[in-house]
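*Asks:* For reference, this is run_30.txt, and it has compact mmCIF, C-alpha atoms and all ligand atoms.
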# COMPACT_ATOMS: atom_id res chain seq x y z
CA MET A 14 -0.96 -2.51 21.85
CA ARG A 15 1.37 -1.65 19.00
CA ILE A 16 -0.51 -0.21 16.04
CA GLY A 17 1.09 0.47 12.65
CA LEU A 18 -0.25 2.45 9.71
CA TYR A 19 0.76 1.43 6.18
CA PRO A 20 -0.58 4.11 3.82
CA GLY A 21 -0.79 4.11 0.04
CA THR A 22 -3.07 4.25 -2.96
CA PHE A 23 -3.17 0.50 -3.68
CA ASP A 24 -4.58 0.96 -7.19
CA PRO A 25 -4.55 -2.03 -7.23
CA ILE A 26 -2.81 -3.97 -4.45
CA THR A 27 0.24 -5.85 -5.85
CA LEU A 28 2.51 -8.65 -4.65
CA GLY A 29 4.95 -5.85 -3.67
CA HIS A 30 2.36 -4.38 -1.30
CA ILE A 31 1.47 -7.82 0.06
CA ASP A 32 5.15 -8.53 0.74
CA ILE A 33 5.41 -5.30 2.75
CA ILE A 34 2.10 -5.97 4.55
CA ARG A 35 3.36 -9.39 5.68
CA ARG A 36 6.58 -7.89 7.04
CA ALA A 37 4.79 -4.94 8.64
CA ALA A 38 2.15 -7.15 10.27
CA MET A 39 4.86 -9.14 12.03
CA MET A 40 6.10 -5.95 13.71
CA VAL A 41 2.78 -4.78 15.18
CA ASP A 42 -0.31 -6.16 16.91
CA ARG A 43 -2.64 -4.35 14.56
CA LEU A 44 -1.82 -3.13 11.07
CA VAL A 45 -4.06 -0.48 9.57
CA ILE A 46 -3.76 -0.18 5.81
CA GLY A 47 -4.54 3.44 5.05
CA VAL A 48 -6.14 3.65 1.63
CA ALA A 49 -5.77 7.15 0.21
CA ILE A 50 -8.62 8.43 -1.92
CA ASN A 51 -6.10 10.19 -4.21
CA ARG A 52 -8.51 11.70 -6.69
CA ASP A 53 -5.56 13.53 -8.30
CA LYS A 54 -3.98 10.25 -9.35
CA GLY A 55 -7.17 9.32 -11.25
CA PRO A 56 -7.38 5.80 -9.81
CA LEU A 57 -8.51 2.92 -12.03
CA PHE A 58 -10.41 1.35 -9.12
CA SER A 59 -12.78 3.19 -6.81
CA LEU A 60 -11.90 3.54 -3.15
CA GLU A 61 -14.49 0.88 -2.26
CA GLU A 62 -13.04 -1.53 -4.82
CA ARG A 63 -9.47 -0.98 -3.58
CA VAL A 64 -10.53 -1.52 0.04
CA ALA A 65 -12.44 -4.70 -0.88
CA MET A 66 -9.42 -6.10 -2.77
CA ILE A 67 -7.12 -5.36 0.20
CA GLU A 68 -9.54 -7.00 2.64
CA ALA A 69 -9.83 -10.10 0.46
CA GLU A 70 -6.05 -10.44 0.12
CA CYS A 71 -5.31 -9.76 3.78
CA ALA A 72 -7.67 -12.25 5.41
CA LYS A 73 -5.11 -15.06 5.03
CA LEU A 74 -2.19 -12.83 6.02
CA SER A 75 -3.94 -12.00 9.26
CA GLU A 76 -4.10 -15.70 10.12
CA GLN A 77 -0.48 -16.31 9.07
CA THR A 78 1.03 -13.40 10.99
CA GLY A 79 -1.27 -13.51 14.00
CA SER A 80 -1.88 -9.79 13.85
CA GLU A 81 -5.06 -7.99 12.98
CA ILE A 82 -5.01 -6.34 9.54
CA VAL A 83 -7.69 -3.81 8.60
CA ALA A 84 -8.21 -1.44 5.68
CA HIS A 85 -9.06 2.16 6.51
CA PRO A 86 -9.90 4.75 3.82
CA PHE A 87 -8.60 8.24 4.53
CA GLU A 88 -8.73 11.64 2.92
CA ASN A 89 -7.05 13.79 5.56
CA LEU A 90 -3.41 14.41 6.42
CA LEU A 91 -1.39 11.23 6.92
CA ILE A 92 -0.28 12.29 10.36
CA ASP A 93 -3.90 13.00 11.37
CA CYS A 94 -4.91 9.60 10.04
CA ALA A 95 -2.14 8.02 12.16
CA ASN A 96 -3.54 9.76 15.24
CA ASP A 97 -7.14 8.82 14.33
CA VAL A 98 -6.29 5.11 14.21
CA GLY A 99 -3.96 5.29 17.25
CA ALA A 100 -0.84 4.33 15.28
CA GLN A 101 2.55 4.96 16.90
CA ILE A 102 4.36 4.08 13.71
CA ILE A 103 3.93 4.70 9.97
CA LEU A 104 5.34 1.94 7.79
CA ARG A 105 6.30 2.51 4.16
CA GLY A 106 7.87 0.34 1.52
CA LEU A 107 11.06 1.50 -0.15
CA ARG A 108 11.70 0.39 -3.70
CA ALA A 109 14.61 2.30 -5.11
CA VAL A 110 16.55 5.52 -5.03
CA ALA A 111 13.62 7.15 -6.80
CA ASP A 112 11.33 6.51 -3.79
CA PHE A 113 13.93 7.80 -1.34
CA GLU A 114 13.85 11.50 -2.23
CA TYR A 115 10.06 11.76 -1.83
CA GLU A 116 9.97 9.65 1.33
CA TYR A 117 12.83 11.67 2.84
CA GLN A 118 10.82 14.87 2.37
CA MET A 119 7.63 13.30 3.72
CA VAL A 120 9.32 12.09 6.90
CA GLY A 121 10.91 15.50 7.45
CA MET A 122 7.64 17.37 7.05
CA ASN A 123 5.52 14.86 8.97
CA ARG A 124 8.00 15.07 11.83
CA MET A 125 7.57 18.83 11.94
CA LEU A 126 3.79 18.35 12.07
CA ASP A 127 3.93 15.68 14.78
CA ASP A 128 7.15 14.37 16.28
CA SER A 129 5.47 11.58 18.25
CA VAL A 130 4.77 9.34 15.23
CA GLU A 131 7.80 7.43 13.91
CA THR A 132 8.20 6.34 10.27
CA ALA A 133 9.99 3.12 9.35
CA PHE A 134 10.83 1.66 5.94
CA LEU A 135 10.69 -1.93 4.80
CA MET A 136 12.04 -3.57 1.66
CA ALA A 137 10.25 -6.30 -0.24
CA ASP A 138 11.86 -9.54 -1.35
CA ALA A 139 14.10 -9.04 -4.43
CA LYS A 140 11.52 -10.62 -6.76
CA HIS A 141 8.86 -8.12 -5.63
CA GLN A 142 10.98 -4.99 -5.40
CA ALA A 143 10.41 -3.59 -8.86
CA ILE A 144 6.62 -3.99 -8.85
CA ALA A 145 4.63 -0.76 -9.09
CA SER A 146 0.83 -0.45 -9.49
CA LYS A 147 1.30 2.14 -12.20
CA LEU A 148 3.39 -0.20 -14.37
CA VAL A 149 1.12 -3.17 -13.69
CA LYS A 150 -1.81 -1.15 -15.08
CA GLU A 151 0.21 -0.10 -18.12
CA ILE A 152 1.33 -3.66 -18.87
CA ALA A 153 -2.22 -5.01 -18.49
CA ARG A 154 -3.57 -2.24 -20.72
CA LEU A 155 -1.09 -3.28 -23.42
CA ASP A 156 -2.15 -6.94 -23.14
CA GLY A 157 0.91 -8.03 -21.16
CA ASP A 158 0.77 -10.80 -18.57
CA VAL A 159 0.73 -9.38 -15.03
CA SER A 160 0.27 -12.68 -13.22
CA LYS A 161 3.77 -12.39 -11.71
CA PHE A 162 2.89 -9.04 -10.15
CA VAL A 163 -0.60 -9.46 -8.68
CA THR A 164 -2.78 -12.23 -7.23
CA PRO A 165 -5.20 -14.14 -9.52
CA ALA A 166 -8.20 -12.22 -8.11
CA VAL A 167 -6.58 -8.83 -8.77
CA ASN A 168 -5.46 -10.00 -12.21
CA LYS A 169 -9.08 -10.85 -13.04
CA ALA A 170 -10.33 -7.51 -11.70
CA LEU A 171 -7.77 -5.70 -13.87
CA LEU A 172 -8.73 -7.59 -17.03
CA ASP A 173 -12.44 -6.99 -16.35
CA ARG A 174 -11.94 -3.28 -15.72
CA LEU A 175 -9.81 -2.84 -18.82
CA GLY A 176 -12.33 -4.76 -20.94
CA LYS A 177 -9.79 -7.40 -21.85
CA ARG A 178 -12.25 -10.25 -21.65
P1 LIG A 201 1.72 5.87 -3.05
O1 LIG A 201 0.69 6.53 -3.90
O2 LIG A 201 1.80 6.37 -1.65
O3 LIG A 201 3.06 5.70 -3.71
P2 LIG A 201 1.40 3.06 -3.47
O4 LIG A 201 0.14 2.30 -3.39
O5 LIG A 201 2.03 3.16 -4.80
O6 LIG A 201 1.09 4.44 -2.86
O7 LIG A 201 2.46 2.46 -2.46
C1 LIG A 201 2.21 2.40 -1.09
C2 LIG A 201 3.48 2.08 -0.35
O8 LIG A 201 3.95 0.80 -0.76
C3 LIG A 201 4.64 3.04 -0.61
O9 LIG A 201 5.39 3.13 0.58
C4 LIG A 201 5.43 2.34 -1.67
O10 LIG A 201 6.77 2.73 -1.65
C5 LIG A 201 5.26 0.90 -1.23
N1 LIG A 201 5.46 -0.05 -2.31
C6 LIG A 201 4.71 -0.21 -3.42
N2 LIG A 201 5.21 -1.20 -4.19
C7 LIG A 201 6.30 -1.69 -3.55
C8 LIG A 201 7.28 -2.71 -3.82
N3 LIG A 201 7.23 -3.42 -4.95
N4 LIG A 201 8.26 -2.91 -2.92
C9 LIG A 201 8.31 -2.17 -1.80
N5 LIG A 201 7.44 -1.19 -1.47
C10 LIG A 201 6.45 -0.94 -2.33
Could the structure of this file be written out as structure tokens, please?
Ligand code: ADP
*Replies:*
Amino acid sequence: MRIGLYPGTFDPITLGHIDIIRRAAMMVDRLVIGVAINRDKGPLFSLEERVAMIEAECAKLSEQTGSEIVAHPFENLLIDCANDVGAQIILRGLRAVADFEYEYQMVGMNRMLDDSVETAFLMADAKHQAIASKLVKEIARLDGDVSKFVTPAVNKALLDRLGKR
């Protein structure tokens, strides 16, 4: 069974993430979405809230792609998480040149920690490529419309959390 791990912070999950999840799910039998606790990043949503939003959004994707999609919180090293969930491959989304430098370093170091886990990169559809959770939060905070970047349920959760309603 081919198992893939797609790790990130998902604070919150965006249409960019969902685009990558759909593509990733078609490549594996089981896709584990690794949700990093990332206390340093000071997430807007708790780990439980981020996991619940991912699960809600992925139920339909699971049916569409025919592969199992599960959310898995993790706090340890990425490569250890990959081994814990039995993933042979780590999947990441690549947005722009800015992502490349960091991802390049991560692959290099992860490979030195464990050479048996491969990392592959996927690109979202052009209309989803520029979406970043950080900017979505900023736009929503400043009363901008984020409905082109997140699903209606996530949009509502954002407005509620930011006290916009
Ligand atoms: P991280 O804190 O690891 O950057 P994110 O939740 O921001 O976590 O992103 C998780 C993964 O999804 C990363 O590989 C990131 O590059 C990718 N990603 C996020 N948004 C997009 C997008 N719009 N297009 C392609 N990949 C994306």
*Asks:* Give me the residues within 9 Å of range 107-115 of chain A as a PyMOL selection string, counting all atoms listed in the file and dropping any in the same chain fewer than 4 places off.
*Replies:* chain A and resi 119-120+134-137+142-145
*Asks:* Could you give me, as an MDAnalysis selection string, every polymer residue with an atom at most 10 Å away from an atom of ligand LIG 201 (chain A), counting only C-alpha atoms and all ligand atoms?
*Replies:* chainID A and resid 19:34 46:51 54 103:109 111:113 115:116 133:147 162
*Asks:* With C-alpha atoms retained, export the selected residues as a compact mmCIF listing (two decimals), in the frame of the given file.
*Replies:*
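Output file part39.txt follows:
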# COMPACT_ATOMS: atom_id res chain seq x y z
CA TYR A 19 0.76 1.43 6.18
CA PRO A 20 -0.58 4.11 3.82
CA GLY A 21 -0.79 4.11 0.04
CA THR A 22 -3.07 4.25 -2.96
CA PHE A 23 -3.17 0.50 -3.68
CA ASP A 24 -4.58 0.96 -7.19
CA PRO A 25 -4.55 -2.03 -7.23
CA ILE A 26 -2.81 -3.97 -4.45
CA THR A 27 0.24 -5.85 -5.85
CA LEU A 28 2.51 -8.65 -4.65
CA GLY A 29 4.95 -5.85 -3.67
CA HIS A 30 2.36 -4.38 -1.30
CA ILE A 31 1.47 -7.82 0.06
CA ASP A 32 5.15 -8.53 0.74
CA ILE A 33 5.41 -5.30 2.75
CA ILE A 34 2.10 -5.97 4.55
CA ILE A 46 -3.76 -0.18 5.81
CA GLY A 47 -4.54 3.44 5.05
CA VAL A 48 -6.14 3.65 1.63
CA ALA A 49 -5.77 7.15 0.21
CA ILE A 50 -8.62 8.43 -1.92
CA ASN A 51 -6.10 10.19 -4.21
CA LYS A 54 -3.98 10.25 -9.35
CA ILE A 103 3.93 4.70 9.97
CA LEU A 104 5.34 1.94 7.79
CA ARG A 105 6.30 2.51 4.16
CA GLY A 106 7.87 0.34 1.52
CA LEU A 107 11.06 1.50 -0.15
CA ARG A 108 11.70 0.39 -3.70
CA ALA A 109 14.61 2.30 -5.11
CA ALA A 111 13.62 7.15 -6.80
CA ASP A 112 11.33 6.51 -3.79
CA PHE A 113 13.93 7.80 -1.34
CA TYR A 115 10.06 11.76 -1.83
CA GLU A 116 9.97 9.65 1.33
CA ALA A 133 9.99 3.12 9.35
CA PHE A 134 10.83 1.66 5.94
CA LEU A 135 10.69 -1.93 4.80
CA MET A 136 12.04 -3.57 1.66
CA ALA A 137 10.25 -6.30 -0.24
CA ASP A 138 11.86 -9.54 -1.35
CA ALA A 139 14.10 -9.04 -4.43
CA LYS A 140 11.52 -10.62 -6.76
CA HIS A 141 8.86 -8.12 -5.63
CA GLN A 142 10.98 -4.99 -5.40
CA ALA A 143 10.41 -3.59 -8.86
CA ILE A 144 6.62 -3.99 -8.85
CA ALA A 145 4.63 -0.76 -9.09
CA SER A 146 0.83 -0.45 -9.49
CA LYS A 147 1.30 2.14 -12.20
CA PHE A 162 2.89 -9.04 -10.15
*Asks:* Here is a test: counting only C-alpha atoms, which residue of A:Asn123, A:Leu60, A:Leu155, A:Thr164 is nearest to Glu88 in chain A?
*Replies:*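 Ranked by minimum distance to Glu88 in chain A, first place goes to A:Leu60.
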*Asks:* Just want the 12 Å neighbourhood of Met122 in chain A, counted on all atoms listed in the file, with same-chain residues fewer than 4 positions away dropped. Output as an mmCIF file with C-alpha atoms, in the frame of the given file.
*Replies:*
data_model
loop_
_atom_site.group_PDB
_atom_site.id
_atom_site.type_symbol
_atom_site.label_atom_id
_atom_site.label_comp_id
_atom_site.auth_asym_id
_atom_site.auth_seq_id
_atom_site.Cartn_x
_atom_site.Cartn_y
_atom_site.Cartn_z
ATOM 1 C CA LEU A 90 -3.410 14.410 6.420
ATOM 2 C CA LEU A 91 -1.390 11.230 6.920
ATOM 3 C CA ILE A 92 -0.280 12.290 10.360
ATOM 4 C CA TYR A 115 10.060 11.760 -1.830
ATOM 5 C CA GLU A 116 9.970 9.650 1.330
ATOM 6 C CA TYR A 117 12.830 11.670 2.840
ATOM 7 C CA GLN A 118 10.820 14.870 2.370
ATOM 8 C CA LEU A 126 3.790 18.350 12.070
ATOM 9 C CA ASP A 127 3.930 15.680 14.780
ATOM 10 C CA ASP A 128 7.150 14.370 16.280
ATOM 11 C CA VAL A 130 4.770 9.340 15.230
ATOM 12 C CA THR A 132 8.200 6.340 10.270
#
*Asks:* Considering all atoms listed in the file, can you say which of A:Met40, A:Pro165, A:Leu18, A:Leu57 comes closest to Asp93 in chain A?
*Replies:* A:Leu18
*Asks:* When distances are computed from all atoms listed in the file, which of A:Lys150, A:Arg36, A:Asp97, A:Ala65 shows the smallest separation from Gln77 in chain A?
*Replies:*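 Closest residue, counting all atoms listed in the file: A:Arg36.
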*Asks:* Please measure the separation of CA of Leu172 in chain A and CA of Val83 in chain A, giving the value in Å to one decimal.
*Replies:*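 Result for CA of Leu172 in chain A versus CA of Val83 in chain A: 25.9 Å, one decimal.
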*Asks:* Using all atoms listed in the file, which protein or nucleic acid residues come within 9 Å of Val41 in chain A? Drop anything in the same chain fewer than 2 positions from it, and give the result as a ChimeraX atom specification.
*Replies:* /A:14-17,37-39,43-44,80-81
*Asks:* My list of candidates is A:Arg154, A:Lys169, A:Arg124, A:His85. Which is closest to Arg63 in chain A when distances are computed with only C-alpha atoms?
*Replies:*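 Once distances to Arg63 in chain A are computed over only C-alpha atoms, the minimum belongs to A:His85.
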*Asks:* From the list A:Ala170, A:Ser160, A:Ser129, A:Glu62, which residue is nearest Ala100 in chain A when using all atoms listed in the file?
*Replies:*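 Between A:Ala170, A:Ser160, A:Ser129, A:Glu62, the residue approaching Ala100 in chain A most closely is A:Ser129.
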